[in-house]
Amino acid sequence: MNQSEQAVAALQRLIEQGELKPGSMVSERGLMEATGLGRTPVREAIQRLALNHMLRIHPNKGIEIPAISVEDQLSGLEVRRAVEVLAVGLACRRATEKDIEEIAALKATLSGGFDLHSYSETVRQTHALIIQAAHNPYLEALMVPLQTLSRRFWIMHVRDEQAEIAHGKRLHHDILQAILARDAPEAGAASQALNSYLVEFALSVVARMATSPN
């Protein structure tokens, strides 16, 4: 990756993990310090992430890390559901032997134990491999922002971490297994199951908020 791409990846991780707090305002200088990268690559990354709704630029005021509401999450999942079905189908048909080897290795790691941070990183790697195996350069621009913001919402609202991680591992395992078998219908169904889970999770957040005394 060049430095601009490094800056994009670093900022996406900081946003996803909540280290850049939703609703906060940050400066270009602060993002340079957070990433360890220079002004030009960070500035380019800010522009790219703003186009993907991951940042908001306020001239003369700073850079906002947008909050994400349940409504935002559900709207994003509507698009993500359709795009991911396309991606896993393409991956089944186009994955190279190298792609298959990497997917098989990642699937094997899903049997291990995870904390929240390591699991979210493994999910990010899973999505990256699916995009890679689809061999369509336009998919990355569509999928990465949707997936990053979706993971941020999940990380922010998860309560029983190990139960949710176990459920997520099974869903991602099924997607990878179907791609390894080059079974596009099964991969599509597994992808739909993952996105249905994320919708149910978002709705559970609504229910929890409705019953919260605060």
# chains A, B, ... in the order shown; residues from 1 in each chain; ligands from 1
$ closest_atom_pairs --of "range 72-108 of chain A" --to "range 129-143 of chain A" --cutoff "8 Å" --atoms "only C-alpha atoms" --output "CSV"
residue,atom,partner,partner_atom,distance
A:Arg80,CA,A:Met143,CA,6.8
A:Val83,CA,A:Met143,CA,7.2
A:Glu84,CA,A:Met143,CA,7.6
A:Ala87,CA,A:Ala134,CA,5.8
A:Val88,CA,A:Ile130,CA,6.5
A:Gly89,CA,A:Ala134,CA,7.8
A:Leu90,CA,A:Ala134,CA,4.8
A:Ala91,CA,A:Ala134,CA,4.0
A:Cys92,CA,A:Ala134,CA,7.7
A:Arg93,CA,A:Ala134,CA,7.9
A:Arg94,CA,A:Ala134,CA,5.9
A:Ala95,CA,A:Ala133,CA,4.6
A:Thr96,CA,A:Ala133,CA,7.0
A:Asp99,CA,A:Ala133,CA,5.7
A:Glu102,CA,A:Leu129,CA,7.6
A:Ile103,CA,A:Leu129,CA,6.7
$ residues_around --residues "Glu200 in chain A" --least-positions-apart "6" --cutoff "10 Å" --atoms "only C-alpha atoms" --output "number ranges by chain"
A: 74, 194, 206
$ write_last_selection --atoms "N, CA, C and O atoms" --output "compact mmCIF listing (two decimals), in the first residue's frame"
# COMPACT_ATOMS: atom_id res chain seq x y z
N LEU A 74 -29.45 0.15 9.65
CA LEU A 74 -30.40 -0.62 8.85
C LEU A 74 -30.36 -0.19 7.38
O LEU A 74 -30.46 -1.04 6.48
N LEU A 194 -26.02 -14.04 7.46
CA LEU A 194 -25.19 -13.10 8.23
C LEU A 194 -25.86 -11.74 8.31
O LEU A 194 -25.95 -11.14 9.39
N VAL A 206 -32.61 -1.44 19.38
CA VAL A 206 -33.78 -0.59 19.51
C VAL A 206 -34.61 -1.00 20.72
O VAL A 206 -35.03 -0.18 21.54
$ closest_residue --among "A:Val8, A:Ala108, A:Met209, A:Ile68" --to "Ile46 in chain A" --atoms "only C-alpha atoms"
A:Val8
$ select_by_dssp --residues "range 42-187 of chain A" --states "strand (DSSP E)" --output "PyMOL selection string"
chain A and resi 56-58+62-64
$ write_last_selection --atoms "N, CA, C and O atoms" --output "PDB file, in the first residue's frame"
ATOM      1  N   ARG A  56     -17.016  13.595   8.287  1.00  0.00           N
ATOM      2  CA  ARG A  56     -17.645  14.795   7.749  1.00  0.00           C
ATOM      3  C   ARG A  56     -16.676  15.960   7.939  1.00  0.00           C
ATOM      4  O   ARG A  56     -16.185  16.183   9.045  1.00  0.00           O
ATOM      5  N   ILE A  57     -16.427  16.661   6.866  1.00  0.00           N
ATOM      6  CA  ILE A  57     -15.507  17.790   6.907  1.00  0.00           C
ATOM      7  C   ILE A  57     -16.308  19.073   7.124  1.00  0.00           C
ATOM      8  O   ILE A  57     -17.239  19.368   6.369  1.00  0.00           O
ATOM      9  N   HIS A  58     -15.945  19.821   8.168  1.00  0.00           N
ATOM     10  CA  HIS A  58     -16.578  21.110   8.453  1.00  0.00           C
ATOM     11  C   HIS A  58     -15.512  22.190   8.276  1.00  0.00           C
ATOM     12  O   HIS A  58     -14.626  22.319   9.136  1.00  0.00           O
ATOM     13  N   GLY A  62     -13.254  21.690  11.712  1.00  0.00           N
ATOM     14  CA  GLY A  62     -12.618  20.422  11.986  1.00  0.00           C
ATOM     15  C   GLY A  62     -13.284  19.287  11.247  1.00  0.00           C
ATOM     16  O   GLY A  62     -14.034  19.494  10.287  1.00  0.00           O
ATOM     17  N   ILE A  63     -13.019  18.089  11.690  1.00  0.00           N
ATOM     18  CA  ILE A  63     -13.496  16.872  11.046  1.00  0.00           C
ATOM     19  C   ILE A  63     -14.334  16.111  12.055  1.00  0.00           C
ATOM     20  O   ILE A  63     -13.878  15.805  13.163  1.00  0.00           O
ATOM     21  N   GLU A  64     -15.538  15.808  11.676  1.00  0.00           N
ATOM     22  CA  GLU A  64     -16.473  15.118  12.572  1.00  0.00           C
ATOM     23  C   GLU A  64     -16.414  13.612  12.329  1.00  0.00           C
ATOM     24  O   GLU A  64     -16.378  13.156  11.185  1.00  0.00           O
TER      25      GLU A  64
END
$ closest_residue --among "A:Ser111, A:Thr126, A:Ser69, A:Thr148" --to "Leu49 in chain A" --atoms "only C-alpha atoms"
A:Thr148
$ closest_residue --among "A:Asp174, A:Val85, A:Val79, A:Val70" --to "Ala202 in chain A" --atoms "only C-alpha atoms"
A:Val70
$ closest_residue --among "A:Ala9, A:Leu176, A:Ala184, A:Ala163" --to "Glu101 in chain A" --atoms "only C-alpha atoms"
A:Leu176
$ closest_residue --among "A:Met156, A:Ala105, A:Ala50, A:Ala190" --to "Val205 in chain A" --atoms "only C-alpha atoms"
A:Met156
$ closest_residue --among "A:Gln3, A:Leu77, A:Leu20, A:Leu116" --to "Gln192 in chain A" --atoms "only C-alpha atoms"
A:Leu77
$ select_by_dssp --residues "range 91-174 of chain A" --states "alpha helix (DSSP H)" --output "ChimeraX atom specification"
/A:91-94,97-109,116-134,137-157,161-174
$ residues_around --residues "Glu28 in chain A" --least-positions-apart "4" --cutoff "10 Å" --atoms "only C-alpha atoms" --output "MDAnalysis selection string"
chainID A and resid 32:34 38:39 42:43 46 62:63
$ write_last_selection --atoms "all heavy atoms" --output "compact mmCIF listing (two decimals), in the first residue's frame"
# COMPACT_ATOMS: atom_id res chain seq x y z
N MET A 32 -3.04 13.00 11.93
CA MET A 32 -1.64 12.73 11.57
C MET A 32 -0.92 12.05 12.74
O MET A 32 -0.18 11.09 12.55
CB MET A 32 -0.94 14.03 11.19
CG MET A 32 -1.41 14.63 9.86
SD MET A 32 -0.86 16.34 9.62
CE MET A 32 0.93 16.16 9.74
N GLU A 33 -1.16 12.56 13.94
CA GLU A 33 -0.53 11.97 15.12
C GLU A 33 -1.06 10.57 15.39
O GLU A 33 -0.31 9.66 15.77
CB GLU A 33 -0.77 12.86 16.34
CG GLU A 33 -0.06 14.21 16.23
CD GLU A 33 -0.43 15.16 17.35
OE1 GLU A 33 -1.31 14.79 18.17
OE2 GLU A 33 0.14 16.26 17.42
N ALA A 34 -2.36 10.36 15.17
CA ALA A 34 -2.97 9.05 15.44
C ALA A 34 -2.47 7.99 14.48
O ALA A 34 -2.33 6.82 14.85
CB ALA A 34 -4.50 9.16 15.35
N GLY A 38 2.05 11.51 7.32
CA GLY A 38 2.19 12.92 7.02
C GLY A 38 0.90 13.59 6.55
O GLY A 38 -0.13 12.94 6.34
N ARG A 39 1.01 14.90 6.35
CA ARG A 39 -0.16 15.71 6.01
C ARG A 39 -0.80 15.27 4.70
O ARG A 39 -2.03 15.15 4.61
CB ARG A 39 0.24 17.18 5.94
CG ARG A 39 -0.94 18.12 5.65
CD ARG A 39 -0.47 19.57 5.61
NE ARG A 39 0.16 19.96 6.86
CZ ARG A 39 -0.49 20.35 7.94
NH1 ARG A 39 -1.82 20.39 7.93
NH2 ARG A 39 0.16 20.68 9.04
N VAL A 42 -2.69 11.82 4.86
CA VAL A 42 -3.83 11.94 5.76
C VAL A 42 -4.91 12.80 5.13
O VAL A 42 -6.11 12.47 5.20
CB VAL A 42 -3.40 12.49 7.13
CG1 VAL A 42 -4.60 12.91 7.97
CG2 VAL A 42 -2.57 11.45 7.88
N ARG A 43 -4.52 13.88 4.48
CA ARG A 43 -5.49 14.75 3.82
C ARG A 43 -6.22 13.98 2.71
O ARG A 43 -7.44 14.10 2.55
CB ARG A 43 -4.80 15.99 3.27
CG ARG A 43 -5.74 17.02 2.68
CD ARG A 43 -5.00 18.33 2.44
NE ARG A 43 -4.67 18.99 3.70
CZ ARG A 43 -3.93 20.10 3.77
NH1 ARG A 43 -3.43 20.64 2.67
NH2 ARG A 43 -3.69 20.67 4.94
N ILE A 46 -8.68 11.61 4.34
CA ILE A 46 -9.86 12.32 4.84
C ILE A 46 -10.86 12.55 3.71
O ILE A 46 -12.07 12.33 3.88
CB ILE A 46 -9.45 13.65 5.49
CG1 ILE A 46 -8.69 13.40 6.80
CG2 ILE A 46 -10.66 14.54 5.75
CD1 ILE A 46 -7.98 14.63 7.36
N GLY A 62 -13.25 21.69 11.71
CA GLY A 62 -12.62 20.42 11.99
C GLY A 62 -13.28 19.29 11.25
O GLY A 62 -14.03 19.49 10.29
N ILE A 63 -13.02 18.09 11.69
CA ILE A 63 -13.50 16.87 11.05
C ILE A 63 -14.33 16.11 12.06
O ILE A 63 -13.88 15.81 13.16
CB ILE A 63 -12.31 16.01 10.58
CG1 ILE A 63 -11.45 16.82 9.58
CG2 ILE A 63 -12.79 14.72 9.94
CD1 ILE A 63 -10.01 16.39 9.54
$ residues_around --residues "Glu44 in chain A" --least-positions-apart "3" --cutoff "9 Å" --atoms "only C-alpha atoms" --output "PDB file with N, CA and C atoms, in the first residue's frame"
ATOM      1  N   SER A   4      -1.104   6.924   1.213  1.00  0.00           N
ATOM      2  CA  SER A   4      -2.514   7.318   1.233  1.00  0.00           C
ATOM      3  C   SER A   4      -3.396   6.129   1.599  1.00  0.00           C
ATOM      4  N   GLU A   5      -3.118   4.981   1.015  1.00  0.00           N
ATOM      5  CA  GLU A   5      -3.891   3.780   1.324  1.00  0.00           C
ATOM      6  C   GLU A   5      -3.662   3.347   2.767  1.00  0.00           C
ATOM      7  N   ALA A   7      -3.052   5.370   5.212  1.00  0.00           N
ATOM      8  CA  ALA A   7      -3.811   6.312   6.041  1.00  0.00           C
ATOM      9  C   ALA A   7      -5.290   5.954   6.054  1.00  0.00           C
ATOM     10  N   VAL A   8      -5.835   5.583   4.882  1.00  0.00           N
ATOM     11  CA  VAL A   8      -7.237   5.162   4.816  1.00  0.00           C
ATOM     12  C   VAL A   8      -7.467   3.961   5.717  1.00  0.00           C
ATOM     13  N   ARG A  39       1.011  14.901   6.345  1.00  0.00           N
ATOM     14  CA  ARG A  39      -0.156  15.705   6.010  1.00  0.00           C
ATOM     15  C   ARG A  39      -0.804  15.274   4.696  1.00  0.00           C
ATOM     16  N   THR A  40      -0.015  15.048   3.658  1.00  0.00           N
ATOM     17  CA  THR A  40      -0.592  14.747   2.342  1.00  0.00           C
ATOM     18  C   THR A  40      -1.371  13.431   2.334  1.00  0.00           C
ATOM     19  N   PRO A  41      -0.796  12.311   2.805  1.00  0.00           N
ATOM     20  CA  PRO A  41      -1.594  11.083   2.798  1.00  0.00           C
ATOM     21  C   PRO A  41      -2.810  11.141   3.704  1.00  0.00           C
ATOM     22  N   GLN A  47     -10.367  12.978   2.568  1.00  0.00           N
ATOM     23  CA  GLN A  47     -11.258  13.229   1.434  1.00  0.00           C
ATOM     24  C   GLN A  47     -11.953  11.941   0.996  1.00  0.00           C
ATOM     25  N   ARG A  48     -11.215  10.842   0.931  1.00  0.00           N
ATOM     26  CA  ARG A  48     -11.804   9.562   0.511  1.00  0.00           C
ATOM     27  C   ARG A  48     -12.833   9.066   1.505  1.00  0.00           C
ATOM     28  N   LEU A  49     -12.524   9.179   2.789  1.00  0.00           N
ATOM     29  CA  LEU A  49     -13.450   8.682   3.804  1.00  0.00           C
ATOM     30  C   LEU A  49     -14.680   9.569   3.920  1.00  0.00           C
TER      31      LEU A  49
END
